[in-house]
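Data block below; observations after.
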Amino acid sequence: MFRCGIAYPRCRWILPLLLLFAVIFDIIAIAAQSGWVEDENAKSHYASMWDQCRGRNDNWSCTSLMGYPWAQAVAALMIIGLILLIIAFIISCIALCCTLNITALPFIGLLLFIAVVVQIIALIIYPVKFNELIFEGRYDYTWAYGFGWGATILMIGCGVLFCCLPRYEDELTGLEKTKYIYTSS
């Protein structure tokens, strides 16, 4: 796969672990109560995927974003992406950790790519529509939004690896033939 030397048997453990990190990042992004958007230093306005809050000091009033169709679509797409990611994680644990099922690996890659497309759509819709909703000042997309992108990037990398690993079945199973650098003439 990579000429620099990837230890294929380690992929059996590392890929499900990376998917677990992607699941955790996705849950953090979806469950965050703030951290998707905030004005400069969150002085008067911040928002999560679910609601937005305005105010000063300790006097904040929060309203739900779920009244907007675009916010409902973002929430639905993020949750669908998370569900697909969890399914891919469970199948990868079974296919790589319990038994070695090479035929399931491209299916896991396909699931991950579908989840990636769904989440990229959600992560693009949110800032576009939020900026249309709010016209004043400068806003930053912060840590929880970043966790959403982090999970998506991990899914892209794992999807590529899951699609490439079936080519290296002998290396994964430990049945590869020894390759000698020096041959006698």
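By order of appearance in the structure tokens: chains A, B, ..., then residues from 1 within every chain, and ligands from 1 in the order shown.
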Which residues of segment 102-149 of chain A come within 10 Å of segment 57-68 of chain A, and for each one, what is the closest pair of atoms and their distance in Å to one decimal, counting only C-alpha atoms, sorted by chain and residue number, as a Markdown table?
```
| residue | atom | partner | partner_atom | distance |
| --- | --- | --- | --- | --- |
| A:Lys129 | CA | A:Tyr68 | CA | 9.6 |
| A:Phe130 | CA | A:Leu65 | CA | 9.6 |
| A:Leu133 | CA | A:Tyr68 | CA | 9.9 |
```
Serialized selection, C-alpha atoms, as a compact mmCIF listing (two decimals), in the first residue's frame:
```
# COMPACT_ATOMS: atom_id res chain seq x y z
CA LYS A 129 -27.76 29.70 5.99
CA PHE A 130 -26.60 31.03 9.36
CA LEU A 133 -29.92 34.71 9.03
```
Give me, as a PDB file with all heavy atoms, in the first residue's frame, all polymer residues having an atom no more than 8 Å from segment 72-75 of chain A, counting only C-alpha atoms and skipping those fewer than 2 positions away in the same chain.
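Full text of part17.pdb as output:
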```pdb
ATOM      1  N   ILE A  30     -22.413  17.212  17.642  1.00  0.00           N
ATOM      2  CA  ILE A  30     -23.874  17.224  17.647  1.00  0.00           C
ATOM      3  C   ILE A  30     -24.424  17.635  19.009  1.00  0.00           C
ATOM      4  O   ILE A  30     -25.394  18.387  19.102  1.00  0.00           O
ATOM      5  CB  ILE A  30     -24.415  15.843  17.221  1.00  0.00           C
ATOM      6  CG1 ILE A  30     -24.120  15.621  15.734  1.00  0.00           C
ATOM      7  CG2 ILE A  30     -25.909  15.719  17.490  1.00  0.00           C
ATOM      8  CD1 ILE A  30     -24.422  14.214  15.248  1.00  0.00           C
ATOM      9  N   MET A  49     -25.686  23.826  17.022  1.00  0.00           N
ATOM     10  CA  MET A  49     -26.445  23.292  15.909  1.00  0.00           C
ATOM     11  C   MET A  49     -27.943  23.393  16.202  1.00  0.00           C
ATOM     12  O   MET A  49     -28.759  23.458  15.280  1.00  0.00           O
ATOM     13  CB  MET A  49     -26.060  21.827  15.680  1.00  0.00           C
ATOM     14  CG  MET A  49     -26.633  21.232  14.434  1.00  0.00           C
ATOM     15  SD  MET A  49     -26.034  19.567  14.136  1.00  0.00           S
ATOM     16  CE  MET A  49     -26.992  18.646  15.301  1.00  0.00           C
ATOM     17  N   TRP A  50     -28.311  23.460  17.459  1.00  0.00           N
ATOM     18  CA  TRP A  50     -29.704  23.394  17.869  1.00  0.00           C
ATOM     19  C   TRP A  50     -30.331  24.746  18.175  1.00  0.00           C
ATOM     20  O   TRP A  50     -31.505  24.944  17.922  1.00  0.00           O
ATOM     21  CB  TRP A  50     -29.843  22.496  19.094  1.00  0.00           C
ATOM     22  CG  TRP A  50     -29.270  21.152  18.867  1.00  0.00           C
ATOM     23  CD1 TRP A  50     -28.052  20.699  19.290  1.00  0.00           C
ATOM     24  CD2 TRP A  50     -29.842  20.091  18.126  1.00  0.00           C
ATOM     25  NE1 TRP A  50     -27.839  19.426  18.870  1.00  0.00           N
ATOM     26  CE2 TRP A  50     -28.931  19.008  18.152  1.00  0.00           C
ATOM     27  CE3 TRP A  50     -31.043  19.930  17.438  1.00  0.00           C
ATOM     28  CZ2 TRP A  50     -29.185  17.802  17.522  1.00  0.00           C
ATOM     29  CZ3 TRP A  50     -31.291  18.725  16.810  1.00  0.00           C
ATOM     30  CH2 TRP A  50     -30.370  17.672  16.858  1.00  0.00           C
ATOM     31  N   LEU A  65     -33.134  27.023  16.864  1.00  0.00           N
ATOM     32  CA  LEU A  65     -32.959  27.127  15.413  1.00  0.00           C
ATOM     33  C   LEU A  65     -33.825  26.112  14.677  1.00  0.00           C
ATOM     34  O   LEU A  65     -33.912  26.151  13.448  1.00  0.00           O
ATOM     35  CB  LEU A  65     -31.493  26.904  15.043  1.00  0.00           C
ATOM     36  CG  LEU A  65     -30.508  28.004  15.399  1.00  0.00           C
ATOM     37  CD1 LEU A  65     -29.080  27.565  15.097  1.00  0.00           C
ATOM     38  CD2 LEU A  65     -30.833  29.281  14.645  1.00  0.00           C
ATOM     39  N   MET A  66     -34.441  25.214  15.413  1.00  0.00           N
ATOM     40  CA  MET A  66     -35.210  24.147  14.781  1.00  0.00           C
ATOM     41  C   MET A  66     -36.490  24.641  14.125  1.00  0.00           C
ATOM     42  O   MET A  66     -37.188  23.880  13.465  1.00  0.00           O
ATOM     43  CB  MET A  66     -35.540  23.042  15.791  1.00  0.00           C
ATOM     44  CG  MET A  66     -34.318  22.250  16.232  1.00  0.00           C
ATOM     45  SD  MET A  66     -33.516  21.396  14.871  1.00  0.00           S
ATOM     46  CE  MET A  66     -31.961  22.250  14.755  1.00  0.00           C
ATOM     47  N   GLY A  67     -36.798  25.911  14.244  1.00  0.00           N
ATOM     48  CA  GLY A  67     -37.926  26.495  13.526  1.00  0.00           C
ATOM     49  C   GLY A  67     -37.597  26.755  12.067  1.00  0.00           C
ATOM     50  O   GLY A  67     -38.497  26.999  11.259  1.00  0.00           O
ATOM     51  N   TYR A  68     -36.331  26.721  11.726  1.00  0.00           N
ATOM     52  CA  TYR A  68     -35.902  26.955  10.347  1.00  0.00           C
ATOM     53  C   TYR A  68     -35.705  25.611   9.639  1.00  0.00           C
ATOM     54  O   TYR A  68     -35.073  24.707  10.183  1.00  0.00           O
ATOM     55  CB  TYR A  68     -34.578  27.733  10.322  1.00  0.00           C
ATOM     56  CG  TYR A  68     -34.661  29.089  10.966  1.00  0.00           C
ATOM     57  CD1 TYR A  68     -34.146  29.299  12.244  1.00  0.00           C
ATOM     58  CD2 TYR A  68     -35.257  30.162  10.308  1.00  0.00           C
ATOM     59  CE1 TYR A  68     -34.210  30.542  12.848  1.00  0.00           C
ATOM     60  CE2 TYR A  68     -35.329  31.405  10.908  1.00  0.00           C
ATOM     61  CZ  TYR A  68     -34.805  31.586  12.165  1.00  0.00           C
ATOM     62  OH  TYR A  68     -34.881  32.815  12.765  1.00  0.00           O
ATOM     63  N   PRO A  69     -36.214  25.478   8.427  1.00  0.00           N
ATOM     64  CA  PRO A  69     -36.056  24.212   7.704  1.00  0.00           C
ATOM     65  C   PRO A  69     -34.597  23.830   7.468  1.00  0.00           C
ATOM     66  O   PRO A  69     -34.241  22.655   7.524  1.00  0.00           O
ATOM     67  CB  PRO A  69     -36.780  24.459   6.375  1.00  0.00           C
ATOM     68  CG  PRO A  69     -37.709  25.586   6.631  1.00  0.00           C
ATOM     69  CD  PRO A  69     -37.074  26.418   7.703  1.00  0.00           C
ATOM     70  N   TRP A  70     -33.732  24.808   7.219  1.00  0.00           N
ATOM     71  CA  TRP A  70     -32.326  24.496   6.982  1.00  0.00           C
ATOM     72  C   TRP A  70     -31.675  23.922   8.233  1.00  0.00           C
ATOM     73  O   TRP A  70     -30.827  23.033   8.129  1.00  0.00           O
ATOM     74  CB  TRP A  70     -31.564  25.722   6.475  1.00  0.00           C
ATOM     75  CG  TRP A  70     -31.509  26.873   7.439  1.00  0.00           C
ATOM     76  CD1 TRP A  70     -32.359  27.941   7.479  1.00  0.00           C
ATOM     77  CD2 TRP A  70     -30.569  27.064   8.493  1.00  0.00           C
ATOM     78  NE1 TRP A  70     -32.001  28.785   8.501  1.00  0.00           N
ATOM     79  CE2 TRP A  70     -30.903  28.275   9.140  1.00  0.00           C
ATOM     80  CE3 TRP A  70     -29.475  26.346   8.966  1.00  0.00           C
ATOM     81  CZ2 TRP A  70     -30.189  28.775  10.220  1.00  0.00           C
ATOM     82  CZ3 TRP A  70     -28.770  26.840  10.049  1.00  0.00           C
ATOM     83  CH2 TRP A  70     -29.123  28.041  10.666  1.00  0.00           C
ATOM     84  N   LEU A  77     -29.196  15.588   8.774  1.00  0.00           N
ATOM     85  CA  LEU A  77     -28.044  15.074   8.029  1.00  0.00           C
ATOM     86  C   LEU A  77     -26.901  14.690   8.968  1.00  0.00           C
ATOM     87  O   LEU A  77     -26.244  13.664   8.759  1.00  0.00           O
ATOM     88  CB  LEU A  77     -27.572  16.106   7.002  1.00  0.00           C
ATOM     89  CG  LEU A  77     -28.501  16.325   5.810  1.00  0.00           C
ATOM     90  CD1 LEU A  77     -28.048  17.518   4.984  1.00  0.00           C
ATOM     91  CD2 LEU A  77     -28.590  15.083   4.958  1.00  0.00           C
ATOM     92  N   MET A  78     -26.655  15.493   9.994  1.00  0.00           N
ATOM     93  CA  MET A  78     -25.591  15.162  10.946  1.00  0.00           C
ATOM     94  C   MET A  78     -25.921  13.872  11.700  1.00  0.00           C
ATOM     95  O   MET A  78     -25.045  13.038  11.925  1.00  0.00           O
ATOM     96  CB  MET A  78     -25.357  16.310  11.922  1.00  0.00           C
ATOM     97  CG  MET A  78     -24.692  17.523  11.314  1.00  0.00           C
ATOM     98  SD  MET A  78     -23.030  17.238  10.724  1.00  0.00           S
ATOM     99  CE  MET A  78     -22.133  17.070  12.248  1.00  0.00           C
ATOM    100  N   ILE A  79     -27.174  13.695  12.074  1.00  0.00           N
ATOM    101  CA  ILE A  79     -27.569  12.482  12.798  1.00  0.00           C
ATOM    102  C   ILE A  79     -27.518  11.265  11.878  1.00  0.00           C
ATOM    103  O   ILE A  79     -27.066  10.187  12.282  1.00  0.00           O
ATOM    104  CB  ILE A  79     -28.954  12.672  13.450  1.00  0.00           C
ATOM    105  CG1 ILE A  79     -28.828  13.697  14.591  1.00  0.00           C
ATOM    106  CG2 ILE A  79     -29.505  11.362  13.970  1.00  0.00           C
ATOM    107  CD1 ILE A  79     -30.134  14.145  15.183  1.00  0.00           C
ATOM    108  N   ALA A 122     -24.200  18.895   5.275  1.00  0.00           N
ATOM    109  CA  ALA A 122     -24.677  19.562   6.495  1.00  0.00           C
ATOM    110  C   ALA A 122     -23.708  20.645   6.949  1.00  0.00           C
ATOM    111  O   ALA A 122     -24.130  21.743   7.341  1.00  0.00           O
ATOM    112  CB  ALA A 122     -24.878  18.534   7.615  1.00  0.00           C
ATOM    113  N   LEU A 123     -22.418  20.356   6.891  1.00  0.00           N
ATOM    114  CA  LEU A 123     -21.428  21.318   7.374  1.00  0.00           C
ATOM    115  C   LEU A 123     -21.253  22.507   6.432  1.00  0.00           C
ATOM    116  O   LEU A 123     -20.687  23.528   6.822  1.00  0.00           O
ATOM    117  CB  LEU A 123     -20.087  20.616   7.597  1.00  0.00           C
ATOM    118  CG  LEU A 123     -20.064  19.638   8.772  1.00  0.00           C
ATOM    119  CD1 LEU A 123     -18.802  18.792   8.752  1.00  0.00           C
ATOM    120  CD2 LEU A 123     -20.204  20.372  10.092  1.00  0.00           C
ATOM    121  N   ILE A 125     -24.148  23.638   4.536  1.00  0.00           N
ATOM    122  CA  ILE A 125     -25.437  24.332   4.656  1.00  0.00           C
ATOM    123  C   ILE A 125     -25.455  25.242   5.886  1.00  0.00           C
ATOM    124  O   ILE A 125     -25.935  26.375   5.820  1.00  0.00           O
ATOM    125  CB  ILE A 125     -26.601  23.320   4.735  1.00  0.00           C
ATOM    126  CG1 ILE A 125     -26.825  22.657   3.389  1.00  0.00           C
ATOM    127  CG2 ILE A 125     -27.891  23.998   5.194  1.00  0.00           C
ATOM    128  CD1 ILE A 125     -27.855  21.536   3.430  1.00  0.00           C
ATOM    129  N   TYR A 126     -24.935  24.759   7.009  1.00  0.00           N
ATOM    130  CA  TYR A 126     -25.035  25.512   8.263  1.00  0.00           C
ATOM    131  C   TYR A 126     -24.428  26.915   8.164  1.00  0.00           C
ATOM    132  O   TYR A 126     -25.125  27.895   8.450  1.00  0.00           O
ATOM    133  CB  TYR A 126     -24.403  24.724   9.418  1.00  0.00           C
ATOM    134  CG  TYR A 126     -24.617  25.390  10.749  1.00  0.00           C
ATOM    135  CD1 TYR A 126     -25.762  25.133  11.491  1.00  0.00           C
ATOM    136  CD2 TYR A 126     -23.700  26.289  11.257  1.00  0.00           C
ATOM    137  CE1 TYR A 126     -25.973  25.748  12.700  1.00  0.00           C
ATOM    138  CE2 TYR A 126     -23.901  26.917  12.469  1.00  0.00           C
ATOM    139  CZ  TYR A 126     -25.045  26.638  13.196  1.00  0.00           C
ATOM    140  OH  TYR A 126     -25.256  27.260  14.401  1.00  0.00           O
TER     141      TYR A 126
END
```
Inset, instruction - Excluding segment 147-162 of chain A and residues on its chain fewer than 5 positions from it, collect all residues at most 6 Å away from it, counting only C-alpha atoms, and give them as a PyMOL selection string. - result: chain A and resi 22+25-26+29+105-106+109+112+116
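Candidate residues A:Leu20, A:Cys53, A:Ala71, A:Ala115 were compared for distance to Gly35 of chain A, and the nearest is A:Cys53, using only C-alpha atoms.
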Legend entry - segment 8-171 of chain A: residues DSSP assigns to strand (DSSP E), reported as number ranges by chain: A: 37-39, 45-47, 51-56, 59-64, 139-141
Go ahead and save the residues from that selection, with N, CA, C and O atoms, as a PDB file, in the first residue's frame.
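Wrote it out as selection-v1.pdb, contents follow:
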```
ATOM      1  N   VAL A  37     -20.952  28.550  16.327  1.00  0.00           N
ATOM      2  CA  VAL A  37     -20.739  29.914  15.849  1.00  0.00           C
ATOM      3  C   VAL A  37     -20.753  30.847  17.046  1.00  0.00           C
ATOM      4  O   VAL A  37     -21.534  30.663  17.971  1.00  0.00           O
ATOM      5  N   GLU A  38     -19.881  31.841  17.000  1.00  0.00           N
ATOM      6  CA  GLU A  38     -19.944  32.895  18.010  1.00  0.00           C
ATOM      7  C   GLU A  38     -19.431  34.189  17.406  1.00  0.00           C
ATOM      8  O   GLU A  38     -18.621  34.172  16.490  1.00  0.00           O
ATOM      9  N   ASP A  39     -19.948  35.311  17.951  1.00  0.00           N
ATOM     10  CA  ASP A  39     -19.398  36.587  17.499  1.00  0.00           C
ATOM     11  C   ASP A  39     -18.035  36.759  18.163  1.00  0.00           C
ATOM     12  O   ASP A  39     -17.554  35.849  18.831  1.00  0.00           O
ATOM     13  N   HIS A  45     -23.416  37.016  21.163  1.00  0.00           N
ATOM     14  CA  HIS A  45     -24.191  36.072  20.362  1.00  0.00           C
ATOM     15  C   HIS A  45     -23.364  34.812  20.132  1.00  0.00           C
ATOM     16  O   HIS A  45     -22.205  34.874  19.747  1.00  0.00           O
ATOM     17  N   TYR A  46     -23.977  33.653  20.378  1.00  0.00           N
ATOM     18  CA  TYR A  46     -23.347  32.385  20.040  1.00  0.00           C
ATOM     19  C   TYR A  46     -24.437  31.399  19.667  1.00  0.00           C
ATOM     20  O   TYR A  46     -25.615  31.610  19.967  1.00  0.00           O
ATOM     21  N   ALA A  47     -24.037  30.334  18.982  1.00  0.00           N
ATOM     22  CA  ALA A  47     -25.027  29.356  18.523  1.00  0.00           C
ATOM     23  C   ALA A  47     -24.418  27.965  18.494  1.00  0.00           C
ATOM     24  O   ALA A  47     -23.210  27.796  18.349  1.00  0.00           O
ATOM     25  N   ASP A  51     -29.573  25.687  18.779  1.00  0.00           N
ATOM     26  CA  ASP A  51     -30.166  26.967  19.172  1.00  0.00           C
ATOM     27  C   ASP A  51     -29.130  28.078  19.116  1.00  0.00           C
ATOM     28  O   ASP A  51     -27.944  27.838  18.941  1.00  0.00           O
ATOM     29  N   GLN A  52     -29.627  29.309  19.255  1.00  0.00           N
ATOM     30  CA  GLN A  52     -28.759  30.474  19.291  1.00  0.00           C
ATOM     31  C   GLN A  52     -29.116  31.313  20.507  1.00  0.00           C
ATOM     32  O   GLN A  52     -30.266  31.338  20.929  1.00  0.00           O
ATOM     33  N   CYS A  53     -28.125  31.969  21.086  1.00  0.00           N
ATOM     34  CA  CYS A  53     -28.335  32.769  22.291  1.00  0.00           C
ATOM     35  C   CYS A  53     -27.762  34.159  22.079  1.00  0.00           C
ATOM     36  O   CYS A  53     -26.673  34.324  21.540  1.00  0.00           O
ATOM     37  N   ARG A  54     -28.523  35.153  22.523  1.00  0.00           N
ATOM     38  CA  ARG A  54     -28.102  36.557  22.470  1.00  0.00           C
ATOM     39  C   ARG A  54     -28.175  37.127  23.868  1.00  0.00           C
ATOM     40  O   ARG A  54     -29.011  36.741  24.671  1.00  0.00           O
ATOM     41  N   GLY A  55     -27.304  38.084  24.135  1.00  0.00           N
ATOM     42  CA  GLY A  55     -27.347  38.752  25.431  1.00  0.00           C
ATOM     43  C   GLY A  55     -26.004  39.314  25.829  1.00  0.00           C
ATOM     44  O   GLY A  55     -25.067  39.386  25.039  1.00  0.00           O
ATOM     45  N   ARG A  56     -25.906  39.684  27.083  1.00  0.00           N
ATOM     46  CA  ARG A  56     -24.682  40.222  27.668  1.00  0.00           C
ATOM     47  C   ARG A  56     -24.557  39.702  29.097  1.00  0.00           C
ATOM     48  O   ARG A  56     -25.551  39.441  29.761  1.00  0.00           O
ATOM     49  N   ASN A  59     -27.196  37.733  31.309  1.00  0.00           N
ATOM     50  CA  ASN A  59     -28.558  37.887  30.811  1.00  0.00           C
ATOM     51  C   ASN A  59     -28.610  37.435  29.350  1.00  0.00           C
ATOM     52  O   ASN A  59     -28.452  38.232  28.432  1.00  0.00           O
ATOM     53  N   TRP A  60     -28.840  36.125  29.144  1.00  0.00           N
ATOM     54  CA  TRP A  60     -28.879  35.548  27.805  1.00  0.00           C
ATOM     55  C   TRP A  60     -30.289  35.045  27.506  1.00  0.00           C
ATOM     56  O   TRP A  60     -30.938  34.446  28.362  1.00  0.00           O
ATOM     57  N   SER A  61     -30.748  35.259  26.294  1.00  0.00           N
ATOM     58  CA  SER A  61     -32.019  34.660  25.864  1.00  0.00           C
ATOM     59  C   SER A  61     -31.721  33.763  24.669  1.00  0.00           C
ATOM     60  O   SER A  61     -31.087  34.180  23.704  1.00  0.00           O
ATOM     61  N   CYS A  62     -32.184  32.545  24.762  1.00  0.00           N
ATOM     62  CA  CYS A  62     -31.900  31.545  23.729  1.00  0.00           C
ATOM     63  C   CYS A  62     -33.170  31.196  22.959  1.00  0.00           C
ATOM     64  O   CYS A  62     -34.252  31.087  23.548  1.00  0.00           O
ATOM     65  N   THR A  63     -33.013  31.036  21.657  1.00  0.00           N
ATOM     66  CA  THR A  63     -34.119  30.608  20.802  1.00  0.00           C
ATOM     67  C   THR A  63     -33.660  29.407  19.982  1.00  0.00           C
ATOM     68  O   THR A  63     -32.495  29.297  19.623  1.00  0.00           O
ATOM     69  N   SER A  64     -34.590  28.562  19.681  1.00  0.00           N
ATOM     70  CA  SER A  64     -34.281  27.350  18.934  1.00  0.00           C
ATOM     71  C   SER A  64     -34.102  27.670  17.451  1.00  0.00           C
ATOM     72  O   SER A  64     -34.823  28.477  16.882  1.00  0.00           O
ATOM     73  N   TYR A 139     -18.454  36.814  12.618  1.00  0.00           N
ATOM     74  CA  TYR A 139     -18.701  35.576  13.343  1.00  0.00           C
ATOM     75  C   TYR A 139     -17.614  34.562  13.035  1.00  0.00           C
ATOM     76  O   TYR A 139     -17.102  34.494  11.925  1.00  0.00           O
ATOM     77  N   ASP A 140     -17.283  33.761  14.038  1.00  0.00           N
ATOM     78  CA  ASP A 140     -16.288  32.705  13.898  1.00  0.00           C
ATOM     79  C   ASP A 140     -16.962  31.362  14.099  1.00  0.00           C
ATOM     80  O   ASP A 140     -17.803  31.206  14.987  1.00  0.00           O
ATOM     81  N   TYR A 141     -16.566  30.399  13.295  1.00  0.00           N
ATOM     82  CA  TYR A 141     -17.029  29.029  13.479  1.00  0.00           C
ATOM     83  C   TYR A 141     -15.988  28.353  14.349  1.00  0.00           C
ATOM     84  O   TYR A 141     -14.824  28.290  13.997  1.00  0.00           O
TER      85      TYR A 141
END
```
Legend entry - Top pick for closest residue to Ile114 of chain A, considering A:Glu136, A:Trp143, A:Leu85, A:Leu100 and counting only C-alpha atoms: A:Leu85
Legend entry - Members of chain A assigned helix (DSSP H, G or I) by DSSP, as a ChimeraX atom specification: /A:8-31,40-42,69-98,102-133,143-173
Legend entry - Two-atom distance - atom CA of Ser48 of chain A, atom CA of Trp36 of chain A (Å): 4.8 Å
Inset, instruction - Excluding Ile94 of chain A and any residue of its chain fewer than 6 positions from it, enumerate the residues within 10 Å of it, using only C-alpha atoms, and give them as a PyMOL selection string. - result: chain A and resi 16+88+100-101+104
Legend entry - Length of the atom CA of Ala95 of chain A to atom CA of Ile80 of chain A vector [Å]: 22.2 Å
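The gap separating atom CA of Val117 of chain A from atom CA of Leu15 of chain A is 19.7 Å, in Å to one decimal.
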